[in-house]
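J.: Input structure: entry-v6.pdb, which contains PDB, N, CA, C and O atoms.
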ATOM      1  N   MET O   1     -41.251-102.696  73.490
ATOM      2  CA  MET O   1     -42.285-102.408  74.452
ATOM      3  C   MET O   1     -42.513-103.658  75.306
ATOM      4  O   MET O   1     -42.544-104.765  74.805
ATOM      5  N   THR O   2     -42.685-103.457  76.602
ATOM      6  CA  THR O   2     -42.956-104.549  77.520
ATOM      7  C   THR O   2     -44.453-104.656  77.749
ATOM      8  O   THR O   2     -45.124-103.658  77.972
ATOM      9  N   VAL O   3     -44.959-105.851  77.689
ATOM     10  CA  VAL O   3     -46.380-106.088  77.946
ATOM     11  C   VAL O   3     -46.491-106.852  79.259
ATOM     12  O   VAL O   3     -45.827-107.859  79.450
ATOM     13  N   ILE O   4     -47.302-106.344  80.150
ATOM     14  CA  ILE O   4     -47.517-106.998  81.437
ATOM     15  C   ILE O   4     -48.908-107.608  81.434
ATOM     16  O   ILE O   4     -49.897-106.916  81.221
ATOM     17  N   ALA O   5     -48.974-108.898  81.649
ATOM     18  CA  ALA O   5     -50.262-109.581  81.685
ATOM     19  C   ALA O   5     -50.976-109.257  82.990
ATOM     20  O   ALA O   5     -50.373-109.228  84.050
ATOM     21  N   THR O   6     -52.248-108.976  82.897
ATOM     22  CA  THR O   6     -53.053-108.716  84.074
ATOM     23  C   THR O   6     -53.867-109.960  84.373
ATOM     24  O   THR O   6     -54.632-110.428  83.553
ATOM     25  N   THR O   7     -53.672-110.479  85.552
ATOM     26  CA  THR O   7     -54.426-111.665  85.965
ATOM     27  C   THR O   7     -55.687-111.220  86.688
ATOM     28  O   THR O   7     -55.858-110.046  87.020
ATOM     29  N   ALA O   8     -56.533-112.172  86.964
ATOM     30  CA  ALA O   8     -57.750-111.872  87.715
ATOM     31  C   ALA O   8     -57.400-111.324  89.098
ATOM     32  O   ALA O   8     -58.061-110.418  89.608
ATOM     33  N   ALA O   9     -56.335-111.847  89.711
ATOM     34  CA  ALA O   9     -55.914-111.360  91.033
ATOM     35  C   ALA O   9     -55.488-109.901  90.960
ATOM     36  O   ALA O   9     -55.830-109.103  91.836
ATOM     37  N   HIS O  10     -54.731-109.549  89.924
ATOM     38  CA  HIS O  10     -54.309-108.154  89.751
ATOM     39  C   HIS O  10     -55.530-107.245  89.592
ATOM     40  O   HIS O  10     -55.592-106.168  90.178
ATOM     41  N   ALA O  11     -56.474-107.683  88.796
ATOM     42  CA  ALA O  11     -57.677-106.880  88.553
ATOM     43  C   ALA O  11     -58.471-106.684  89.840
ATOM     44  O   ALA O  11     -58.954-105.580  90.114
ATOM     45  N   ARG O  12     -58.598-107.731  90.651
ATOM     46  CA  ARG O  12     -59.315-107.616  91.929
ATOM     47  C   ARG O  12     -58.630-106.635  92.865
ATOM     48  O   ARG O  12     -59.278-105.802  93.493
ATOM     49  N   ILE O  13     -57.312-106.734  92.955
ATOM     50  CA  ILE O  13     -56.567-105.830  93.835
ATOM     51  C   ILE O  13     -56.693-104.398  93.341
ATOM     52  O   ILE O  13     -56.894-103.472  94.129
ATOM     53  N   ARG O  14     -56.600-104.200  92.041
ATOM     54  CA  ARG O  14     -56.750-102.856  91.479
ATOM     55  C   ARG O  14     -58.120-102.278  91.818
ATOM     56  O   ARG O  14     -58.241-101.127  92.222
ATOM     57  N   GLU O  15     -59.162-103.086  91.685
ATOM     58  CA  GLU O  15     -60.516-102.632  92.015
ATOM     59  C   GLU O  15     -60.645-102.295  93.498
ATOM     60  O   GLU O  15     -61.239-101.276  93.860
ATOM     61  N   GLN O  16     -60.097-103.142  94.354
ATOM     62  CA  GLN O  16     -60.163-102.899  95.797
ATOM     63  C   GLN O  16     -59.465-101.597  96.170
ATOM     64  O   GLN O  16     -59.999-100.787  96.938
ATOM     65  N   LEU O  17     -58.266-101.385  95.619
ATOM     66  CA  LEU O  17     -57.519-100.178  95.953
ATOM     67  C   LEU O  17     -58.175 -98.930  95.360
ATOM     68  O   LEU O  17     -58.186 -97.875  95.992
ATOM     69  N   ASP O  18     -58.739 -99.065  94.179
ATOM     70  CA  ASP O  18     -59.453 -97.938  93.580
ATOM     71  C   ASP O  18     -60.631 -97.537  94.456
ATOM     72  O   ASP O  18     -60.841 -96.356  94.731
ATOM     73  N   ASP O  19     -61.366 -98.524  94.926
ATOM     74  CA  ASP O  19     -62.505 -98.260  95.808
ATOM     75  C   ASP O  19     -62.047 -97.601  97.099
ATOM     76  O   ASP O  19     -62.630 -96.610  97.546
ATOM     77  N   ARG O  20     -60.993 -98.136  97.717
ATOM     78  CA  ARG O  20     -60.496 -97.557  98.972
ATOM     79  C   ARG O  20     -59.962 -96.141  98.766
ATOM     80  O   ARG O  20     -60.126 -95.282  99.632
ATOM     81  N   ALA O  21     -59.310 -95.909  97.642
ATOM     82  CA  ALA O  21     -58.774 -94.571  97.375
ATOM     83  C   ALA O  21     -59.890 -93.533  97.267
ATOM     84  O   ALA O  21     -59.732 -92.389  97.662
ATOM     85  N   ARG O  22     -61.025 -93.953  96.740
ATOM     86  CA  ARG O  22     -62.150 -93.029  96.566
ATOM     87  C   ARG O  22     -62.977 -92.845  97.828
ATOM     88  O   ARG O  22     -63.665 -91.849  97.984
ATOM     89  N   THR O  23     -62.913 -93.809  98.762
ATOM     90  CA  THR O  23     -63.794 -93.744  99.927
ATOM     91  C   THR O  23     -63.085 -93.489 101.247
ATOM     92  O   THR O  23     -63.712 -93.059 102.196
ATOM     93  N   SER O  24     -61.798 -93.749 101.322
ATOM     94  CA  SER O  24     -61.090 -93.597 102.584
ATOM     95  C   SER O  24     -60.541 -92.187 102.727
ATOM     96  O   SER O  24     -59.926 -91.653 101.821
ATOM     97  N   GLY O  25     -60.768 -91.589 103.886
ATOM     98  CA  GLY O  25     -60.190 -90.285 104.171
ATOM     99  C   GLY O  25     -58.922 -90.388 104.996
ATOM    100  O   GLY O  25     -58.293 -89.400 105.316
ATOM    101  N   ASP O  26     -58.523 -91.616 105.329
ATOM    102  CA  ASP O  26     -57.388 -91.847 106.209
ATOM    103  C   ASP O  26     -56.195 -92.369 105.401
ATOM    104  O   ASP O  26     -56.192 -93.517 104.957
ATOM    105  N   LEU O  27     -55.181 -91.517 105.197
ATOM    106  CA  LEU O  27     -54.030 -91.896 104.379
ATOM    107  C   LEU O  27     -53.262 -93.060 104.999
ATOM    108  O   LEU O  27     -52.838 -93.980 104.288
ATOM    109  N   ASP O  28     -53.083 -93.067 106.319
ATOM    110  CA  ASP O  28     -52.341 -94.154 106.957
ATOM    111  C   ASP O  28     -53.020 -95.501 106.721
ATOM    112  O   ASP O  28     -52.364 -96.505 106.452
ATOM    113  N   ARG O  29     -54.344 -95.531 106.808
ATOM    114  CA  ARG O  29     -55.086 -96.774 106.571
ATOM    115  C   ARG O  29     -54.958 -97.199 105.106
ATOM    116  O   ARG O  29     -54.791 -98.370 104.792
ATOM    117  N   PHE O  30     -55.033 -96.232 104.196
ATOM    118  CA  PHE O  30     -54.902 -96.539 102.773
ATOM    119  C   PHE O  30     -53.507 -97.091 102.463
ATOM    120  O   PHE O  30     -53.370 -98.077 101.736
ATOM    121  N   VAL O  31     -52.469 -96.475 103.034
ATOM    122  CA  VAL O  31     -51.097 -96.967 102.819
ATOM    123  C   VAL O  31     -50.970 -98.403 103.319
ATOM    124  O   VAL O  31     -50.379 -99.256 102.654
ATOM    125  N   ALA O  32     -51.537 -98.690 104.484
ATOM    126  CA  ALA O  32     -51.501-100.061 105.017
ATOM    127  C   ALA O  32     -52.220-101.023 104.077
ATOM    128  O   ALA O  32     -51.742-102.136 103.831
ATOM    129  N   ASP O  33     -53.361-100.599 103.534
ATOM    130  CA  ASP O  33     -54.102-101.442 102.589
ATOM    131  C   ASP O  33     -53.289-101.691 101.323
ATOM    132  O   ASP O  33     -53.264-102.801 100.792
ATOM    133  N   VAL O  34     -52.619-100.660 100.819
ATOM    134  CA  VAL O  34     -51.798-100.802  99.612
ATOM    135  C   VAL O  34     -50.646-101.762  99.870
ATOM    136  O   VAL O  34     -50.383-102.661  99.063
ATOM    137  N   LYS O  35     -49.952-101.591 100.992
ATOM    138  CA  LYS O  35     -48.834-102.485 101.312
ATOM    139  C   LYS O  35     -49.301-103.934 101.373
ATOM    140  O   LYS O  35     -48.642-104.826 100.849
ATOM    141  N   ALA O  36     -50.432-104.173 102.001
ATOM    142  CA  ALA O  36     -50.942-105.543 102.116
ATOM    143  C   ALA O  36     -51.347-106.102 100.762
ATOM    144  O   ALA O  36     -50.995-107.234 100.409
ATOM    145  N   ALA O  37     -52.074-105.325  99.982
ATOM    146  CA  ALA O  37     -52.573-105.801  98.687
ATOM    147  C   ALA O  37     -51.446-106.022  97.692
ATOM    148  O   ALA O  37     -51.374-107.074  97.043
ATOM    149  N   VAL O  38     -50.567-105.052  97.559
ATOM    150  CA  VAL O  38     -49.464-105.166  96.600
ATOM    151  C   VAL O  38     -48.501-106.261  97.038
ATOM    152  O   VAL O  38     -47.995-107.023  96.216
ATOM    153  N   GLY O  39     -48.282-106.374  98.346
ATOM    154  CA  GLY O  39     -47.377-107.399  98.862
ATOM    155  C   GLY O  39     -47.817-108.804  98.548
ATOM    156  O   GLY O  39     -46.994-109.726  98.495
ATOM    157  N   ARG O  40     -49.118-108.991  98.314
ATOM    158  CA  ARG O  40     -49.608-110.325  97.958
ATOM    159  C   ARG O  40     -49.186-110.736  96.553
ATOM    160  O   ARG O  40     -49.106-111.923  96.255
ATOM    161  N   ILE O  41     -48.924-109.773  95.681
ATOM    162  CA  ILE O  41     -48.577-110.137  94.303
ATOM    163  C   ILE O  41     -47.191-109.673  93.865
ATOM    164  O   ILE O  41     -46.630-110.223  92.930
ATOM    165  N   ILE O  42     -46.625-108.664  94.550
ATOM    166  CA  ILE O  42     -45.315-108.141  94.169
ATOM    167  C   ILE O  42     -44.450-107.991  95.416
ATOM    168  O   ILE O  42     -44.723-107.125  96.250
ATOM    169  N   PRO O  43     -43.415-108.809  95.570
ATOM    170  CA  PRO O  43     -42.531-108.631  96.716
ATOM    171  C   PRO O  43     -41.856-107.267  96.616
ATOM    172  O   PRO O  43     -41.413-106.857  95.540
ATOM    173  N   SER O  44     -41.799-106.544  97.731
ATOM    174  CA  SER O  44     -41.176-105.218  97.694
ATOM    175  C   SER O  44     -40.636-104.849  99.061
ATOM    176  O   SER O  44     -41.064-105.378 100.081
ATOM    177  N   ALA O  45     -39.683-103.942  99.071
ATOM    178  CA  ALA O  45     -39.092-103.458 100.315
ATOM    179  C   ALA O  45     -39.791-102.192 100.784
ATOM    180  O   ALA O  45     -39.741-101.851 101.956
ATOM    181  N   ALA O  46     -40.420-101.470  99.854
ATOM    182  CA  ALA O  46     -41.084-100.216 100.209
ATOM    183  C   ALA O  46     -42.055 -99.834  99.102
ATOM    184  O   ALA O  46     -41.995-100.372  97.997
ATOM    185  N   ILE O  47     -42.956 -98.917  99.426
ATOM    186  CA  ILE O  47     -43.854 -98.368  98.421
ATOM    187  C   ILE O  47     -43.796 -96.849  98.505
ATOM    188  O   ILE O  47     -43.485 -96.283  99.549
ATOM    189  N   ALA O  48     -44.059 -96.208  97.397
ATOM    190  CA  ALA O  48     -44.161 -94.750  97.356
ATOM    191  C   ALA O  48     -45.501 -94.422  96.720
ATOM    192  O   ALA O  48     -45.858 -94.987  95.687
ATOM    193  N   LEU O  49     -46.256 -93.551  97.355
ATOM    194  CA  LEU O  49     -47.572 -93.156  96.858
ATOM    195  C   LEU O  49     -47.605 -91.658  96.639
ATOM    196  O   LEU O  49     -47.092 -90.903  97.455
ATOM    197  N   GLY O  50     -48.217 -91.258  95.553
ATOM    198  CA  GLY O  50     -48.430 -89.840  95.292
ATOM    199  C   GLY O  50     -49.904 -89.518  95.419
ATOM    200  O   GLY O  50     -50.756 -90.358  95.124
ATOM    201  N   THR O  51     -50.209 -88.334  95.894
ATOM    202  CA  THR O  51     -51.600 -87.916  96.011
ATOM    203  C   THR O  51     -51.878 -86.808  95.002
ATOM    204  O   THR O  51     -50.998 -86.017  94.674
ATOM    205  N   LEU O  52     -53.121 -86.777  94.510
ATOM    206  CA  LEU O  52     -53.541 -85.779  93.530
ATOM    207  C   LEU O  52     -54.773 -85.046  94.037
ATOM    208  O   LEU O  52     -55.637 -85.643  94.668
ATOM    209  N   ASP O  53     -54.852 -83.775  93.719
ATOM    210  CA  ASP O  53     -56.076 -83.032  93.982
ATOM    211  C   ASP O  53     -57.124 -83.566  93.011
ATOM    212  O   ASP O  53     -56.897 -83.567  91.796
ATOM    213  N   PRO O  54     -58.273 -84.043  93.498
ATOM    214  CA  PRO O  54     -59.242 -84.668  92.602
ATOM    215  C   PRO O  54     -59.892 -83.714  91.600
ATOM    216  O   PRO O  54     -60.338 -84.144  90.542
ATOM    217  N   ASP O  55     -59.912 -82.418  91.897
ATOM    218  CA  ASP O  55     -60.530 -81.458  90.975
ATOM    219  C   ASP O  55     -59.586 -81.023  89.869
ATOM    220  O   ASP O  55     -60.001 -80.861  88.724
ATOM    221  N   THR O  56     -58.304 -80.832  90.222
ATOM    222  CA  THR O  56     -57.348 -80.321  89.237
ATOM    223  C   THR O  56     -56.386 -81.376  88.726
ATOM    224  O   THR O  56     -55.683 -81.164  87.748
ATOM    225  N   VAL O  57     -56.311 -82.520  89.409
ATOM    226  CA  VAL O  57     -55.381 -83.606  89.124
ATOM    227  C   VAL O  57     -53.925 -83.121  89.213
ATOM    228  O   VAL O  57     -53.030 -83.622  88.545
ATOM    229  N   VAL O  58     -53.697 -82.135  90.064
ATOM    230  CA  VAL O  58     -52.356 -81.623  90.327
ATOM    231  C   VAL O  58     -51.785 -82.394  91.520
ATOM    232  O   VAL O  58     -52.485 -82.588  92.524
ATOM    233  N   PRO O  59     -50.521 -82.846  91.431
ATOM    234  CA  PRO O  59     -49.934 -83.540  92.579
ATOM    235  C   PRO O  59     -50.003 -82.658  93.825
ATOM    236  O   PRO O  59     -49.712 -81.467  93.779
ATOM    237  N   SER O  60     -50.401 -83.288  94.942
ATOM    238  CA  SER O  60     -50.562 -82.511  96.171
ATOM    239  C   SER O  60     -49.759 -83.066  97.340
ATOM    240  O   SER O  60     -49.813 -82.543  98.435
ATOM    241  N   GLY O  61     -49.023 -84.126  97.127
ATOM    242  CA  GLY O  61     -48.226 -84.700  98.209
ATOM    243  C   GLY O  61     -47.924 -86.155  97.944
ATOM    244  O   GLY O  61     -48.052 -86.629  96.822
ATOM    245  N   GLY O  62     -47.525 -86.838  98.981
ATOM    246  CA  GLY O  62     -47.234 -88.250  98.843
ATOM    247  C   GLY O  62     -46.560 -88.778 100.081
ATOM    248  O   GLY O  62     -46.388 -88.068 101.064
ATOM    249  N   CYS O  63     -46.184 -90.046 100.024
ATOM    250  CA  CYS O  63     -45.510 -90.655 101.161
ATOM    251  C   CYS O  63     -44.663 -91.828 100.694
ATOM    252  O   CYS O  63     -44.851 -92.366  99.613
ATOM    253  N   PHE O  64     -43.718 -92.187 101.522
ATOM    254  CA  PHE O  64     -42.850 -93.336 101.314
ATOM    255  C   PHE O  64     -43.077 -94.259 102.491
ATOM    256  O   PHE O  64     -43.049 -93.814 103.641
ATOM    257  N   ALA O  65     -43.360 -95.524 102.251
ATOM    258  CA  ALA O  65     -43.663 -96.451 103.340
ATOM    259  C   ALA O  65     -42.844 -97.730 103.204
ATOM    260  O   ALA O  65     -43.107 -98.540 102.323
ATOM    261  N   PRO O  66     -41.830 -97.902 104.051
ATOM    262  CA  PRO O  66     -41.094 -99.161 104.048
ATOM    263  C   PRO O  66     -42.020-100.317 104.422
ATOM    264  O   PRO O  66     -42.987-100.139 105.143
ATOM    265  N   VAL O  67     -41.725-101.489 103.914
ATOM    266  CA  VAL O  67     -42.505-102.690 104.204
ATOM    267  C   VAL O  67     -41.703-103.553 105.179
ATOM    268  O   VAL O  67     -40.483-103.577 105.138
ATOM    269  N   ASP O  68     -42.376-104.274 106.031
ATOM    270  CA  ASP O  68     -41.756-105.223 106.962
ATOM    271  C   ASP O  68     -40.759-104.589 107.931
ATOM    272  O   ASP O  68     -39.744-105.160 108.249
ATOM    273  N   GLY O  69     -41.045-103.363 108.376
ATOM    274  CA  GLY O  69     -40.260-102.750 109.435
ATOM    275  C   GLY O  69     -38.928-102.154 109.038
ATOM    276  O   GLY O  69     -38.205-101.666 109.891
ATOM    277  N   ALA O  70     -38.552-102.192 107.764
ATOM    278  CA  ALA O  70     -37.300-101.590 107.338
ATOM    279  C   ALA O  70     -37.405-100.074 107.457
ATOM    280  O   ALA O  70     -38.468 -99.494 107.298
ATOM    281  N   SER O  71     -36.280 -99.406 107.743
ATOM    282  CA  SER O  71     -36.291 -97.949 107.816
ATOM    283  C   SER O  71     -36.053 -97.367 106.426
ATOM    284  O   SER O  71     -35.516 -98.029 105.534
ATOM    285  N   ALA O  72     -36.442 -96.118 106.244
ATOM    286  CA  ALA O  72     -36.205 -95.437 104.968
ATOM    287  C   ALA O  72     -34.726 -95.403 104.635
ATOM    288  O   ALA O  72     -34.323 -95.548 103.477
ATOM    289  N   GLU O  73     -33.879 -95.233 105.646
ATOM    290  CA  GLU O  73     -32.435 -95.188 105.433
ATOM    291  C   GLU O  73     -31.908 -96.529 104.928
ATOM    292  O   GLU O  73     -31.049 -96.595 104.057
ATOM    293  N   GLU O  74     -32.424 -97.632 105.496
ATOM    294  CA  GLU O  74     -32.014 -98.966 105.060
ATOM    295  C   GLU O  74     -32.424 -99.219 103.607
ATOM    296  O   GLU O  74     -31.669 -99.792 102.823
ATOM    297  N   ILE O  75     -33.617 -98.764 103.253
ATOM    298  CA  ILE O  75     -34.099 -98.931 101.871
ATOM    299  C   ILE O  75     -33.215 -98.134 100.915
ATOM    300  O   ILE O  75     -32.796 -98.625  99.868
ATOM    301  N   ALA O  76     -32.907 -96.879 101.264
ATOM    302  CA  ALA O  76     -32.099 -96.015 100.402
ATOM    303  C   ALA O  76     -30.681 -96.560 100.238
ATOM    304  O   ALA O  76     -30.090 -96.425  99.168
ATOM    305  N   ALA O  77     -30.153 -97.183 101.273
ATOM    306  CA  ALA O  77     -28.798 -97.716 101.216
ATOM    307  C   ALA O  77     -28.701 -98.951 100.328
ATOM    308  O   ALA O  77     -27.642 -99.300  99.845
ATOM    309  N   GLY O  78     -29.865 -99.569 100.072
ATOM    310  CA  GLY O  78     -29.915-100.712  99.170
ATOM    311  C   GLY O  78     -29.386-101.941  99.768
ATOM    312  O   GLY O  78     -28.997-102.889  99.289
TER     313      GLY O  78
END
Using the file provided, produce a representation of the structure as structure tokens.
T.:
Amino acid sequence: MTVIATTAAHARIREQLDDRARTSGDLDRFVADVKAAVGRIIPSAAIALGTLDPDTVVPSGGCFAPVDGASAEEIAAG
């Protein structure tokens, strides 16, 4: 089993994103916030987000967002 240490920075980012996820109605703004927050602690080429219906917790959609201007095709090509 792998154990990942959670630092104070990770906890702050998690709290910020949790708050934004509960209060923001704008998916594009939330994706931008996630890219910025996660990018501060985890270098990445892209992020993928899934959305859930809050009443049933059934997946309801999602998105793929390249970071730093890369296209989805460039990310998939590796």
J.: To one decimal place, how far is CA of Ile47 in chain O from atom C of Cys63 in chain O in Å?
T.: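 If I compute the distance from CA of Ile47 in chain O to atom C of Cys63 in chain O, I get 7.0 Å.
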J.: Please measure the separation of atom N of Asp68 in chain O and atom N of Ala11 in chain O, giving the value in Å to one decimal.
T.: 22.5 Å
J.: Output as an NGL selection string all residues of range 28-78 of chain O that backbone DSSP marks as alpha helix (DSSP H).
T.: :O and (28-41 or 72-77)
J.: Given the file shown, enumerate the residues that the PyMOL selection byres ((chain O and resi 33-37) around 8) captures and present them as a PyMOL selection string.
T.: chain O and resi 9-10+13-14+16-17+26-32+38-42+44+46-47+65-67
J.: How about saving the chosen residues, N, CA, C and O atoms kept, as a tab-separated table (two decimals), keeping the file's coordinate frame?
T.:
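Final output, saved to result33.tsv:
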chain	number	residue	atom	x	y	z
O	9	ALA	N	-56.34	-111.85	89.71
O	9	ALA	CA	-55.91	-111.36	91.03
O	9	ALA	C	-55.49	-109.90	90.96
O	9	ALA	O	-55.83	-109.10	91.84
O	10	HIS	N	-54.73	-109.55	89.92
O	10	HIS	CA	-54.31	-108.15	89.75
O	10	HIS	C	-55.53	-107.24	89.59
O	10	HIS	O	-55.59	-106.17	90.18
O	13	ILE	N	-57.31	-106.73	92.96
O	13	ILE	CA	-56.57	-105.83	93.84
O	13	ILE	C	-56.69	-104.40	93.34
O	13	ILE	O	-56.89	-103.47	94.13
O	14	ARG	N	-56.60	-104.20	92.04
O	14	ARG	CA	-56.75	-102.86	91.48
O	14	ARG	C	-58.12	-102.28	91.82
O	14	ARG	O	-58.24	-101.13	92.22
O	16	GLN	N	-60.10	-103.14	94.35
O	16	GLN	CA	-60.16	-102.90	95.80
O	16	GLN	C	-59.46	-101.60	96.17
O	16	GLN	O	-60.00	-100.79	96.94
O	17	LEU	N	-58.27	-101.38	95.62
O	17	LEU	CA	-57.52	-100.18	95.95
O	17	LEU	C	-58.18	-98.93	95.36
O	17	LEU	O	-58.19	-97.88	95.99
O	26	ASP	N	-58.52	-91.62	105.33
O	26	ASP	CA	-57.39	-91.85	106.21
O	26	ASP	C	-56.20	-92.37	105.40
O	26	ASP	O	-56.19	-93.52	104.96
O	27	LEU	N	-55.18	-91.52	105.20
O	27	LEU	CA	-54.03	-91.90	104.38
O	27	LEU	C	-53.26	-93.06	105.00
O	27	LEU	O	-52.84	-93.98	104.29
O	28	ASP	N	-53.08	-93.07	106.32
O	28	ASP	CA	-52.34	-94.15	106.96
O	28	ASP	C	-53.02	-95.50	106.72
O	28	ASP	O	-52.36	-96.50	106.45
O	29	ARG	N	-54.34	-95.53	106.81
O	29	ARG	CA	-55.09	-96.77	106.57
O	29	ARG	C	-54.96	-97.20	105.11
O	29	ARG	O	-54.79	-98.37	104.79
O	30	PHE	N	-55.03	-96.23	104.20
O	30	PHE	CA	-54.90	-96.54	102.77
O	30	PHE	C	-53.51	-97.09	102.46
O	30	PHE	O	-53.37	-98.08	101.74
O	31	VAL	N	-52.47	-96.48	103.03
O	31	VAL	CA	-51.10	-96.97	102.82
O	31	VAL	C	-50.97	-98.40	103.32
O	31	VAL	O	-50.38	-99.26	102.65
O	32	ALA	N	-51.54	-98.69	104.48
O	32	ALA	CA	-51.50	-100.06	105.02
O	32	ALA	C	-52.22	-101.02	104.08
O	32	ALA	O	-51.74	-102.14	103.83
O	38	VAL	N	-50.57	-105.05	97.56
O	38	VAL	CA	-49.46	-105.17	96.60
O	38	VAL	C	-48.50	-106.26	97.04
O	38	VAL	O	-48.00	-107.02	96.22
O	39	GLY	N	-48.28	-106.37	98.35
O	39	GLY	CA	-47.38	-107.40	98.86
O	39	GLY	C	-47.82	-108.80	98.55
O	39	GLY	O	-46.99	-109.73	98.50
O	40	ARG	N	-49.12	-108.99	98.31
O	40	ARG	CA	-49.61	-110.32	97.96
O	40	ARG	C	-49.19	-110.74	96.55
O	40	ARG	O	-49.11	-111.92	96.26
O	41	ILE	N	-48.92	-109.77	95.68
O	41	ILE	CA	-48.58	-110.14	94.30
O	41	ILE	C	-47.19	-109.67	93.86
O	41	ILE	O	-46.63	-110.22	92.93
O	42	ILE	N	-46.62	-108.66	94.55
O	42	ILE	CA	-45.32	-108.14	94.17
O	42	ILE	C	-44.45	-107.99	95.42
O	42	ILE	O	-44.72	-107.12	96.25
O	44	SER	N	-41.80	-106.54	97.73
O	44	SER	CA	-41.18	-105.22	97.69
O	44	SER	C	-40.64	-104.85	99.06
O	44	SER	O	-41.06	-105.38	100.08
O	46	ALA	N	-40.42	-101.47	99.85
O	46	ALA	CA	-41.08	-100.22	100.21
O	46	ALA	C	-42.06	-99.83	99.10
O	46	ALA	O	-42.00	-100.37	98.00
O	47	ILE	N	-42.96	-98.92	99.43
O	47	ILE	CA	-43.85	-98.37	98.42
O	47	ILE	C	-43.80	-96.85	98.50
O	47	ILE	O	-43.48	-96.28	99.55
O	65	ALA	N	-43.36	-95.52	102.25
O	65	ALA	CA	-43.66	-96.45	103.34
O	65	ALA	C	-42.84	-97.73	103.20
O	65	ALA	O	-43.11	-98.54	102.32
O	66	PRO	N	-41.83	-97.90	104.05
O	66	PRO	CA	-41.09	-99.16	104.05
O	66	PRO	C	-42.02	-100.32	104.42
O	66	PRO	O	-42.99	-100.14	105.14
O	67	VAL	N	-41.72	-101.49	103.91
O	67	VAL	CA	-42.50	-102.69	104.20
O	67	VAL	C	-41.70	-103.55	105.18
O	67	VAL	O	-40.48	-103.58	105.14
J.: What does the distance from atom N of Gly50 in chain O to atom C of Gly62 in chain O come to in Å, to one decimal?
T.: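 Going from atom N of Gly50 in chain O over to atom C of Gly62 in chain O covers 5.4 Å.
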J.: Excluding Ser60 in chain O and any residue of its chain fewer than 4 positions from it, enumerate the residues within 6 Å of it, using only N, CA, C and O atoms, and give them as a list in words.
T.: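 Those residues are Thr51, Leu52 and Asp53 of chain O.
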J.: With N, CA, C and O atoms as the atom set, please write range 5-16 of chain O from the structure just given, as a short mmCIF file (atom, residue, chain, number, x, y, z; two decimals), in the first residue's frame.
T.:
data_model
loop_
_atom_site.label_atom_id
_atom_site.label_comp_id
_atom_site.auth_asym_id
_atom_site.auth_seq_id
_atom_site.Cartn_x
_atom_site.Cartn_y
_atom_site.Cartn_z
N ALA O 5 1.71 11.47 2.02
CA ALA O 5 1.68 12.45 3.10
C ALA O 5 0.93 13.69 2.65
O ALA O 5 1.09 14.16 1.53
N THR O 6 0.07 14.19 3.50
CA THR O 6 -0.66 15.41 3.21
C THR O 6 0.00 16.55 3.97
O THR O 6 0.12 16.51 5.18
N THR O 7 0.44 17.53 3.24
CA THR O 7 1.06 18.70 3.87
C THR O 7 0.00 19.75 4.13
O THR O 7 -1.14 19.64 3.66
N ALA O 8 0.39 20.77 4.84
CA ALA O 8 -0.54 21.87 5.10
C ALA O 8 -0.97 22.52 3.78
O ALA O 8 -2.13 22.91 3.62
N ALA O 9 -0.06 22.61 2.81
CA ALA O 9 -0.40 23.20 1.51
C ALA O 9 -1.46 22.37 0.80
O ALA O 9 -2.40 22.91 0.22
N HIS O 10 -1.30 21.04 0.84
CA HIS O 10 -2.29 20.16 0.22
C HIS O 10 -3.66 20.34 0.88
O HIS O 10 -4.68 20.41 0.20
N ALA O 11 -3.66 20.41 2.19
CA ALA O 11 -4.92 20.57 2.92
C ALA O 11 -5.60 21.89 2.57
O ALA O 11 -6.82 21.93 2.38
N ARG O 12 -4.82 22.97 2.47
CA ARG O 12 -5.39 24.27 2.10
C ARG O 12 -6.00 24.24 0.71
O ARG O 12 -7.10 24.74 0.48
N ILE O 13 -5.28 23.64 -0.23
CA ILE O 13 -5.79 23.56 -1.61
C ILE O 13 -7.05 22.71 -1.65
O ILE O 13 -8.02 23.06 -2.32
N ARG O 14 -7.05 21.61 -0.93
CA ARG O 14 -8.24 20.75 -0.89
C ARG O 14 -9.44 21.52 -0.35
O ARG O 14 -10.54 21.45 -0.89
N GLU O 15 -9.23 22.28 0.72
CA GLU O 15 -10.32 23.08 1.30
C GLU O 15 -10.81 24.14 0.32
O GLU O 15 -12.02 24.35 0.17
N GLN O 16 -9.89 24.82 -0.35
CA GLN O 16 -10.27 25.85 -1.32
C GLN O 16 -11.09 25.27 -2.45
O GLN O 16 -12.13 25.82 -2.84
#
